[in-house]
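K.L.:
Here's a structure for you.
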Amino acid sequence: MPFVKKRYVVPEPIKAFLYLIREHGYTQADAQSLICRGRMLQDDRSVERSSQVISGEIELVYFEPEGRGVKPIFHTNDFAVFDKPSGVLVHPNKMVTEYSLLDDIRGLFGDEANGVHRIDMETSGLLIASKHKKTESDLKMIFEGRDIKKSYLAWVDGKIDEPFEVDAPIKVRDDYSILKHKVEISEEGKSALTTFNPLYYDETLDATLLSCHPHTGRTHQIRLHLFHVKHPILGDPLYGTTFDTATEYLEGRLSEENRLTQTGATRLMLHAQSLRFTYKNHFYIESRDEFRSLVSEICPKDMRVFNRES
């Protein structure tokens with residue numbers, strides 16, 4: 001488990017953030033961040049404010065990586081690019097997370113290394129990790145400025161013959177009582193544009209391999225846009241399934257068999273395929289995974305059950 005607790009004794013009353021700065025060498029920003037995340041404990045309770053005065057015995061919770069041997073496919077002195085497997089978190093989402101890609105990132109490049117952009121747990125493919133704080137800040141600004149061009153591959157339900165685009169605004173949902181979708185198409189949402197190009201149609205599976213190019217960076221943009229045009233991504237447990245199936249998935253109760261028939265595949269069939277950006281030099285990086293060949297993960301068309309109308 002990557003999180004461990006270590007005990008320390010604070011001999012004189014001192015503000016929590018000052019203790020971390022003076023005794024452990026933290027910057028003020030990092031000290032405040034650690035406290036805000038609840039990783040300083042006294043009497044088994046998280047210290048609530050960075051200015052809170054502490055003394056006596058305390059505990060600090062540290063992230064100690066336990067890598068699984070995942071290596072980057074490309075790296076420079078500033079950053080590394082990983083081919084993330086499906087089913088792996090980039091960052092631990094709770095203290096008891098057994099493994100995330102951050103274990104290998106920090107195991108290889110040290111405590112300052114970090115993933116710099118989002119990629120869903122079930123999405124496979126390219127993930128950029130910074131090696132230093134300065135690079136992390138620079139690359140996050142490049143992402144926020146939409147100066148990194150990304151492409152994805154997706155296996156979707158049904159036959160698609162022609163390139164198309166979806167220009168439909170996306171809004172984060174605030175009510176999950178009827179649908180478990182994290183986002184929805186809404187005029188009240190933020191603009192979202194994705195272009196799609198069909199690459200191959202498998203008649204036996206009634207599935208099309210698409211190249212997907214998001215021009216904006218909204219949450220679940222590709223997944224929602226494809227569901228919106230009634231070609232949901234195979235294996236998507238939220239968009240294209242029933243409310244009950246989505247609930248079972250989120251609660252960890254969805255069996256492998258039902259996952260296959262109710263969503264169309266054993267995993268979300270979405271893959272981050274390429275990255276194009278400039279950081280000191282021009283880079284174009286492609287995934288080495290043979291995503292097109294993962295047809296064995298797809299459910300036969302006569303066994304698939306979808307809910308395309310929600």
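Going through the structure tokens in order, the chains are called A, B, and so on, while each chain numbers its residues from 1 and the ligands are numbered from 1 in the order shown.
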Find the spatial neighbours of A:His225, counting only C-alpha atoms, within a cut-off of 12 Å - ignore same-chain residues fewer than 6 positions away - and output them as JSON, numbers by chain.

P.N.:
{"A": [156, 164, 165, 166, 167, 168, 169, 170, 183, 184, 185, 186, 191, 192, 193, 194, 195, 196, 212, 213, 214, 216, 218, 219, 231, 232, 233, 239, 240]}

K.L.:
Please identify which residues in stretch 143-263 of chain A DSSP calls strand (DSSP E) from the backbone, and express them as number ranges by chain.

P.N.:
A: 149-157, 164-167, 170-172, 183-185, 193-202, 207-214

K.L.:
May I ask which of the residues A:Leu126, A:Ile119, A:Val295, A:Leu268 is the closest one to A:Gly217, counting only C-alpha atoms?

P.N.:
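Using only C-alpha atoms, A:Gly217 sits closest to A:Ile119.
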
K.L.:
Pick out the residues sitting within 12 Å of stretch 57-59 of chain A, and hand them over as a short mmCIF file (atom, residue, chain, number, x, y, z; two decimals) with N, CA and C atoms, in the first residue's frame; count only C-alpha atoms, and ignore anything fewer than 4 positions along from it in its own chain.

P.N.:
data_model
loop_
_atom_site.label_atom_id
_atom_site.label_comp_id
_atom_site.auth_asym_id
_atom_site.auth_seq_id
_atom_site.Cartn_x
_atom_site.Cartn_y
_atom_site.Cartn_z
N VAL A 4 1.74 5.44 3.98
CA VAL A 4 2.21 4.97 5.28
C VAL A 4 2.16 6.12 6.27
N LYS A 5 2.02 5.79 7.55
CA LYS A 5 2.02 6.78 8.62
C LYS A 5 3.35 6.71 9.37
N LYS A 6 3.89 7.89 9.70
CA LYS A 6 5.11 7.96 10.51
C LYS A 6 4.85 8.91 11.68
N ARG A 7 5.31 8.50 12.85
CA ARG A 7 5.08 9.27 14.07
C ARG A 7 6.26 10.21 14.34
N TYR A 8 5.92 11.41 14.84
CA TYR A 8 6.93 12.40 15.22
C TYR A 8 6.49 13.06 16.52
N VAL A 9 7.45 13.63 17.24
CA VAL A 9 7.16 14.39 18.45
C VAL A 9 7.52 15.84 18.22
N VAL A 10 6.56 16.73 18.46
CA VAL A 10 6.77 18.17 18.33
C VAL A 10 7.01 18.72 19.74
N PRO A 11 8.25 19.07 20.08
CA PRO A 11 8.56 19.41 21.48
C PRO A 11 7.98 20.73 21.97
N GLU A 12 7.85 21.71 21.08
CA GLU A 12 7.35 23.03 21.46
C GLU A 12 6.14 23.39 20.60
N PRO A 13 5.15 24.09 21.18
CA PRO A 13 4.00 24.50 20.37
C PRO A 13 4.44 25.33 19.16
N ALA A 16 1.28 24.45 12.46
CA ALA A 16 1.50 23.21 11.73
C ALA A 16 2.35 23.40 10.48
N TYR A 19 6.01 24.01 11.27
CA TYR A 19 6.71 22.79 11.66
C TYR A 19 7.18 22.01 10.44
N LEU A 20 6.31 21.87 9.44
CA LEU A 20 6.69 21.13 8.24
C LEU A 20 7.82 21.82 7.48
N LEU A 34 -0.33 19.47 2.07
CA LEU A 34 -0.36 18.25 2.86
C LEU A 34 -1.40 18.34 3.97
N ILE A 35 -1.47 19.49 4.62
CA ILE A 35 -2.43 19.66 5.71
C ILE A 35 -3.85 19.69 5.17
N GLY A 38 -5.46 16.43 4.65
CA GLY A 38 -5.70 15.62 5.83
C GLY A 38 -4.60 14.67 6.19
N ARG A 39 -3.36 14.98 5.80
CA ARG A 39 -2.26 14.04 5.99
C ARG A 39 -1.37 14.37 7.18
N MET A 40 -1.81 15.31 8.01
CA MET A 40 -1.19 15.51 9.32
C MET A 40 -2.24 15.19 10.37
N LEU A 41 -1.93 14.25 11.27
CA LEU A 41 -2.89 13.78 12.25
C LEU A 41 -2.39 14.05 13.66
N GLN A 42 -3.30 14.43 14.54
CA GLN A 42 -3.01 14.53 15.97
C GLN A 42 -4.20 13.95 16.72
N ASP A 43 -3.93 13.04 17.63
CA ASP A 43 -4.99 12.34 18.36
C ASP A 43 -5.96 11.66 17.39
N ASP A 44 -5.40 11.07 16.31
CA ASP A 44 -6.16 10.32 15.29
C ASP A 44 -7.14 11.19 14.51
N ARG A 45 -6.96 12.49 14.54
CA ARG A 45 -7.82 13.40 13.77
C ARG A 45 -6.94 14.29 12.91
N SER A 46 -7.41 14.56 11.70
CA SER A 46 -6.64 15.42 10.79
C SER A 46 -6.56 16.84 11.34
N VAL A 47 -5.39 17.42 11.25
CA VAL A 47 -5.22 18.84 11.57
C VAL A 47 -5.98 19.63 10.51
N VAL A 53 -2.03 25.41 15.89
CA VAL A 53 -0.85 25.16 16.71
C VAL A 53 -0.84 23.69 17.15
#

K.L.:
Just the residues within 12 Å of stretch 121-124 of chain A, please, counting only C-alpha atoms, with nothing from its chain fewer than 2 positions along; format it as a ChimeraX atom specification.

P.N.:
/A:82-93,99-101,118-119,126-127,152-155,220,222-223,233-238,265-274,287-291,294

K.L.:
Kindly save the residues from that selection, with N, CA and C atoms included, as a tab-separated table (two decimals), in the first residue's frame.

P.N.:
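Ended up saving to again.tsv:
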chain	number	residue	atom	x	y	z
A	82	PHE	N	3.85	7.64	-20.65
A	82	PHE	CA	3.51	6.25	-20.35
A	82	PHE	C	2.34	5.79	-21.22
A	83	ASP	N	2.31	4.50	-21.52
A	83	ASP	CA	1.15	3.86	-22.13
A	83	ASP	C	0.35	3.23	-20.98
A	84	LYS	N	-0.61	3.96	-20.45
A	84	LYS	CA	-1.34	3.49	-19.27
A	84	LYS	C	-2.27	2.33	-19.63
A	85	PRO	N	-2.24	1.25	-18.86
A	85	PRO	CA	-3.20	0.16	-19.10
A	85	PRO	C	-4.60	0.57	-18.68
A	86	SER	N	-5.60	-0.03	-19.31
A	86	SER	CA	-6.98	0.16	-18.87
A	86	SER	C	-7.15	-0.41	-17.46
A	87	GLY	N	-7.99	0.25	-16.66
A	87	GLY	CA	-8.26	-0.23	-15.31
A	87	GLY	C	-7.32	0.29	-14.25
A	88	VAL	N	-6.37	1.16	-14.64
A	88	VAL	CA	-5.39	1.70	-13.70
A	88	VAL	C	-5.65	3.19	-13.50
A	89	LEU	N	-5.74	3.60	-12.24
A	89	LEU	CA	-5.86	5.02	-11.92
A	89	LEU	C	-4.53	5.73	-12.17
A	90	VAL	N	-4.60	7.01	-12.54
A	90	VAL	CA	-3.38	7.81	-12.64
A	90	VAL	C	-2.90	8.18	-11.24
A	91	HIS	N	-3.83	8.66	-10.40
A	91	HIS	CA	-3.53	9.03	-9.02
A	91	HIS	C	-4.41	8.20	-8.09
A	92	PRO	N	-3.93	7.89	-6.89
A	92	PRO	CA	-4.80	7.19	-5.93
A	92	PRO	C	-6.00	8.07	-5.58
A	93	ASN	N	-7.19	7.50	-5.58
A	93	ASN	CA	-8.39	8.28	-5.26
A	93	ASN	C	-8.80	8.16	-3.80
A	99	TYR	N	-2.91	0.48	-5.90
A	99	TYR	CA	-1.90	0.84	-6.90
A	99	TYR	C	-2.48	1.88	-7.83
A	100	SER	N	-1.65	2.82	-8.22
A	100	SER	CA	-1.97	3.76	-9.30
A	100	SER	C	-0.70	3.97	-10.11
A	101	LEU	N	-0.84	4.54	-11.29
A	101	LEU	CA	0.34	4.77	-12.12
A	101	LEU	C	1.35	5.68	-11.42
A	118	ARG	N	-5.65	14.58	-17.10
A	118	ARG	CA	-6.62	13.55	-16.74
A	118	ARG	C	-6.71	12.49	-17.82
A	119	ILE	N	-6.88	11.28	-17.37
A	119	ILE	CA	-7.26	10.19	-18.26
A	119	ILE	C	-8.05	9.20	-17.40
A	126	LEU	N	-1.91	7.07	-23.76
A	126	LEU	CA	-0.81	7.98	-23.43
A	126	LEU	C	-1.11	8.90	-22.28
A	127	LEU	N	-0.16	8.98	-21.36
A	127	LEU	CA	-0.24	9.86	-20.19
A	127	LEU	C	1.11	10.52	-20.01
A	152	TYR	N	-7.69	9.95	-30.12
A	152	TYR	CA	-8.08	8.71	-29.44
A	152	TYR	C	-8.56	7.71	-30.49
A	153	LEU	N	-8.56	6.45	-30.11
A	153	LEU	CA	-9.22	5.40	-30.86
A	153	LEU	C	-10.37	4.85	-30.01
A	154	ALA	N	-11.47	4.52	-30.68
A	154	ALA	CA	-12.63	3.98	-29.95
A	154	ALA	C	-13.33	2.93	-30.81
A	155	TRP	N	-13.66	1.80	-30.20
A	155	TRP	CA	-14.55	0.83	-30.81
A	155	TRP	C	-15.97	1.18	-30.37
A	220	HIS	N	-15.49	13.57	-19.99
A	220	HIS	CA	-16.20	12.50	-20.71
A	220	HIS	C	-16.70	12.96	-22.09
A	222	ILE	N	-15.71	12.64	-25.34
A	222	ILE	CA	-15.84	11.66	-26.42
A	222	ILE	C	-16.93	10.65	-26.10
A	223	ARG	N	-16.97	10.20	-24.87
A	223	ARG	CA	-17.96	9.20	-24.46
A	223	ARG	C	-19.38	9.75	-24.61
A	233	ILE	N	-19.63	4.02	-27.03
A	233	ILE	CA	-18.38	3.26	-26.99
A	233	ILE	C	-18.64	1.91	-26.34
A	234	LEU	N	-18.19	0.86	-26.96
A	234	LEU	CA	-18.35	-0.47	-26.40
A	234	LEU	C	-17.62	-0.57	-25.06
A	235	GLY	N	-18.30	-1.18	-24.10
A	235	GLY	CA	-17.72	-1.34	-22.77
A	235	GLY	C	-17.93	-0.16	-21.85
A	236	ASP	N	-18.63	0.88	-22.31
A	236	ASP	CA	-18.85	2.05	-21.45
A	236	ASP	C	-19.91	1.70	-20.40
A	237	PRO	N	-19.55	1.74	-19.11
A	237	PRO	CA	-20.48	1.32	-18.07
A	237	PRO	C	-21.44	2.41	-17.61
A	238	LEU	N	-21.31	3.63	-18.16
A	238	LEU	CA	-22.19	4.74	-17.76
A	238	LEU	C	-23.08	5.24	-18.88
A	265	ALA	N	-18.52	-4.90	-23.96
A	265	ALA	CA	-17.11	-5.28	-23.93
A	265	ALA	C	-16.67	-5.46	-22.48
A	266	THR	N	-15.51	-6.05	-22.31
A	266	THR	CA	-14.99	-6.31	-20.97
A	266	THR	C	-14.40	-5.07	-20.33
A	267	ARG	N	-14.16	-4.01	-21.11
A	267	ARG	CA	-13.56	-2.76	-20.63
A	267	ARG	C	-14.03	-1.63	-21.52
A	268	LEU	N	-13.81	-0.42	-21.11
A	268	LEU	CA	-14.11	0.73	-21.95
A	268	LEU	C	-13.17	0.72	-23.15
A	269	MET	N	-13.73	0.66	-24.35
A	269	MET	CA	-12.92	0.52	-25.57
A	269	MET	C	-12.52	1.89	-26.11
A	270	LEU	N	-11.81	2.64	-25.29
A	270	LEU	CA	-11.33	3.98	-25.63
A	270	LEU	C	-9.85	4.04	-25.30
A	271	HIS	N	-9.06	4.59	-26.23
A	271	HIS	CA	-7.60	4.55	-26.09
A	271	HIS	C	-7.00	5.87	-26.54
A	272	ALA	N	-6.19	6.48	-25.67
A	272	ALA	CA	-5.48	7.72	-26.01
A	272	ALA	C	-4.30	7.38	-26.93
A	273	GLN	N	-4.43	7.70	-28.21
A	273	GLN	CA	-3.53	7.19	-29.23
A	273	GLN	C	-2.32	8.07	-29.52
A	274	SER	N	-2.52	9.40	-29.54
A	274	SER	CA	-1.40	10.26	-29.92
A	274	SER	C	-1.44	11.59	-29.20
A	287	SER	N	0.98	5.94	-29.29
A	287	SER	CA	0.94	4.76	-28.44
A	287	SER	C	1.50	3.56	-29.21
A	288	ARG	N	2.13	2.66	-28.46
A	288	ARG	CA	2.67	1.44	-29.06
A	288	ARG	C	1.70	0.27	-28.94
A	289	ASP	N	0.61	0.46	-28.20
A	289	ASP	CA	-0.35	-0.63	-28.03
A	289	ASP	C	-1.13	-0.88	-29.32
A	290	GLU	N	-1.41	-2.14	-29.60
A	290	GLU	CA	-2.19	-2.52	-30.77
A	290	GLU	C	-3.68	-2.54	-30.39
A	291	PHE	N	-4.24	-1.35	-30.20
A	291	PHE	CA	-5.61	-1.26	-29.71
A	291	PHE	C	-6.59	-1.86	-30.71
A	294	LEU	N	-7.87	-5.49	-30.23
A	294	LEU	CA	-8.57	-5.93	-29.02
A	294	LEU	C	-10.02	-6.35	-29.27

K.L.:
I'd like the neighbourhood of A:Asp157 as a count of residues only, where a residue qualifies if any of its atoms comes within 10 Å (using only C-alpha atoms), though same-chain residues fewer than 6 positions away should be ignored.

P.N.:
20

K.L.:
Give me, as JSON, numbers by chain, the residues of stretch 168-238 of chain A that a backbone DSSP run labels helix (DSSP H, G or I).

P.N.:
{"A": [221, 222, 223, 224, 225, 226, 227, 228]}

K.L.:
Atoms to include: C-alpha atoms. Write the selected residues as a PDB file, in the first residue's frame.

P.N.:
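Contents of result.pdb, freshly written:
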ATOM      1  CA  GLN A 221     -16.479  14.494 -23.964  1.00  0.00           C
ATOM      2  CA  ILE A 222     -15.835  11.656 -26.423  1.00  0.00           C
ATOM      3  CA  ARG A 223     -17.965   9.202 -24.459  1.00  0.00           C
ATOM      4  CA  LEU A 224     -20.943  11.545 -24.232  1.00  0.00           C
ATOM      5  CA  HIS A 225     -20.730  12.782 -27.834  1.00  0.00           C
ATOM      6  CA  LEU A 226     -20.738   9.225 -29.188  1.00  0.00           C
ATOM      7  CA  PHE A 227     -23.620   8.248 -26.934  1.00  0.00           C
ATOM      8  CA  HIS A 228     -25.430  11.386 -28.136  1.00  0.00           C
TER       9      HIS A 228
END
